[in-house]
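Chemist: To start, I am sharing the structure in question, which I have written as structure tokens.
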2 protein chains.
Amino acid sequence: MRITSLVEFAARIMVRLAGLAPQATLSADKLSELENISRDYVDQILHRLRKGELVVSRRGAQGGYALARPASQISVGAVIRSVEGGIFEEVCERYSCGEQQCHHLTACGLRPVWERLGELIEGYLDGVTLDQLVAPEVKVKGVLASAAAFRRMA
Amino acid sequence: MRITSLVEFAARIMVRLAGLAPQATLSADKLSELENISRDYVDQILHRLRKGELVVSRRGAQGGYALARPASQISVGAVIRSVEGGIFEEVCERYSCGEQQCHHLTACGLRPVWERLGELIEGYLDGVTLDQLVAPEVKVKGVLASAAAFRRMA
DNA sequence: TTATACTTGATTAATTCAGTCAGGTATGTT
DNA sequence: AACATACCTGACTGAATTAATCAAGTATAA
């Protein structure tokens, strides 16, 4: 299990945008430079974020991107869904045994384990919002430790 | 994020073995048939599980496999580590920015999020043991709901 | 001795991921 | 109006990972 580059880069970009002053925007070029990601890849990621309605753009010279909503209303989970289409894939759909019924139903009790794991992952990521992340690492640890999202899981 | 076939199949095989009577074994051929996995693939998975010291084998005619320890002492997390070498990959190793220091340290607070996510996933999977899974799905849900491993996370 | 079963590493086919490329469209500025 | 800047879009490709298969072997109970 791992975080893909799409997710990692999208998250970095969103945190950058979350750190902007009100009304300010950041151009794709500038984001590319700041995060050391190729301009083309930044474009692709921004495009997905825009389709997911997480960012808005202003065109033309001096244009750029900004968050579509306050950072406190955008979760890391939402960012991942936006760029990947989902967070944790259902196991039963992928490895059905050709039988009509999910193999897990009759053979063993694995399904609840994967289901609960998915809930745990999505629940956590949906509880972490961008405003909690606009700070150096040391501070963020403190914020996360006291955040409601964290307490719900711990 | 998803469960690979290696993990899914290894877990199914381990649950089968966990359901055996004491002293009983199950041959690779039988496992292949029961779980509808090719004999060659079953062999490869069993080989990994054996190297991870999660199963023991008895050779020769009438030979077969059995758990190396009581099912209550083998977690799903251990099974995954055995076949995949790990559970959740460190993000910072993968997407370092060419700089010496992890990009997350200075630029943003993403690292604690991925770190905590990893802990959550591994903590949960290490808490679910095979003996909790030897039952039809309906019963397992009840077991998991009352299990210590589950309560720790919920 | 012989069938059965486990052991091992190499190989390959399929899928997914990561990133690039090419060309287009819109809009602010001068 | 011209132009530079910036966003929009989808197709494409090479690399990496995953999912299995293949091909020989070795050990052991009957």
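Convention: chains lettered A, B, ... in structure tokens order; per-chain residue numbering from 1; ligands numbered from 1 as shown.
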Considering only C-alpha atoms (C1' of nucleotides), return as a PDB file with C-alpha atoms, in the first residue's frame whatever protein or nucleic-acid residues lie within 7 Å of Ile80 of chain B, sequence-local ones (same chain, fewer than 5 positions apart) excluded.
Modeler:
```pdb
ATOM      1  CA  VAL B   7      -2.200 -10.496   0.025  1.00  0.00           C
ATOM      2  CA  GLY B  86       5.860  -4.522   4.197  1.00  0.00           C
ATOM      3  CA  ILE B  87       2.446  -2.962   4.565  1.00  0.00           C
TER       4      ILE B  87
END
```
Chemist: Within 7 Å of chain D, which residues belong to chain B? Use only C-alpha atoms (C1' of nucleotides) and report them as a list in words.
Modeler: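 On the chain B side, the interface is Tyr41, Arg59, Gly60 and Ala61 of chain B.
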Chemist: With only C-alpha atoms (C1' of nucleotides) as the atoms that count, which of C:DT1, C:DT27, C:DT7, C:DT20 lies nearest to chain B?
Modeler: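 Nearest to chain B: C:DT7.
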Chemist: Based on only C-alpha atoms (C1' of nucleotides), which of the residues in chain C come within 9 Å of chain A? I want them as a CSV table (one decimal) with C-alpha atoms (C1' of nucleotides), in the first residue's frame.
Modeler:
```csv
chain,number,residue,atom,x,y,z
C,17,DC,C1',1.7,4.5,-12.9
C,18,DA,C1',4.2,8.5,-14.0
C,19,DG,C1',5.1,11.7,-16.9
C,20,DT,C1',5.3,13.8,-21.6
C,21,DC,C1',3.6,15.8,-25.8
C,26,DA,C1',-9.6,31.8,-23.2
C,27,DT,C1',-8.4,36.4,-21.2
C,28,DG,C1',-5.9,40.3,-19.3
C,29,DT,C1',-2.6,43.9,-20.8
```
Chemist: Report as a list of chain:residue names: the residues of segment 29-143 of chain A with a DSSP assignment of strand (DSSP E), based on the backbone of this structure.
Modeler: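 Put together, the selection reads A:Val55, A:Val56, A:Ser57, A:Arg58, A:Gly64, A:Tyr65, A:Ala66, A:Leu67.
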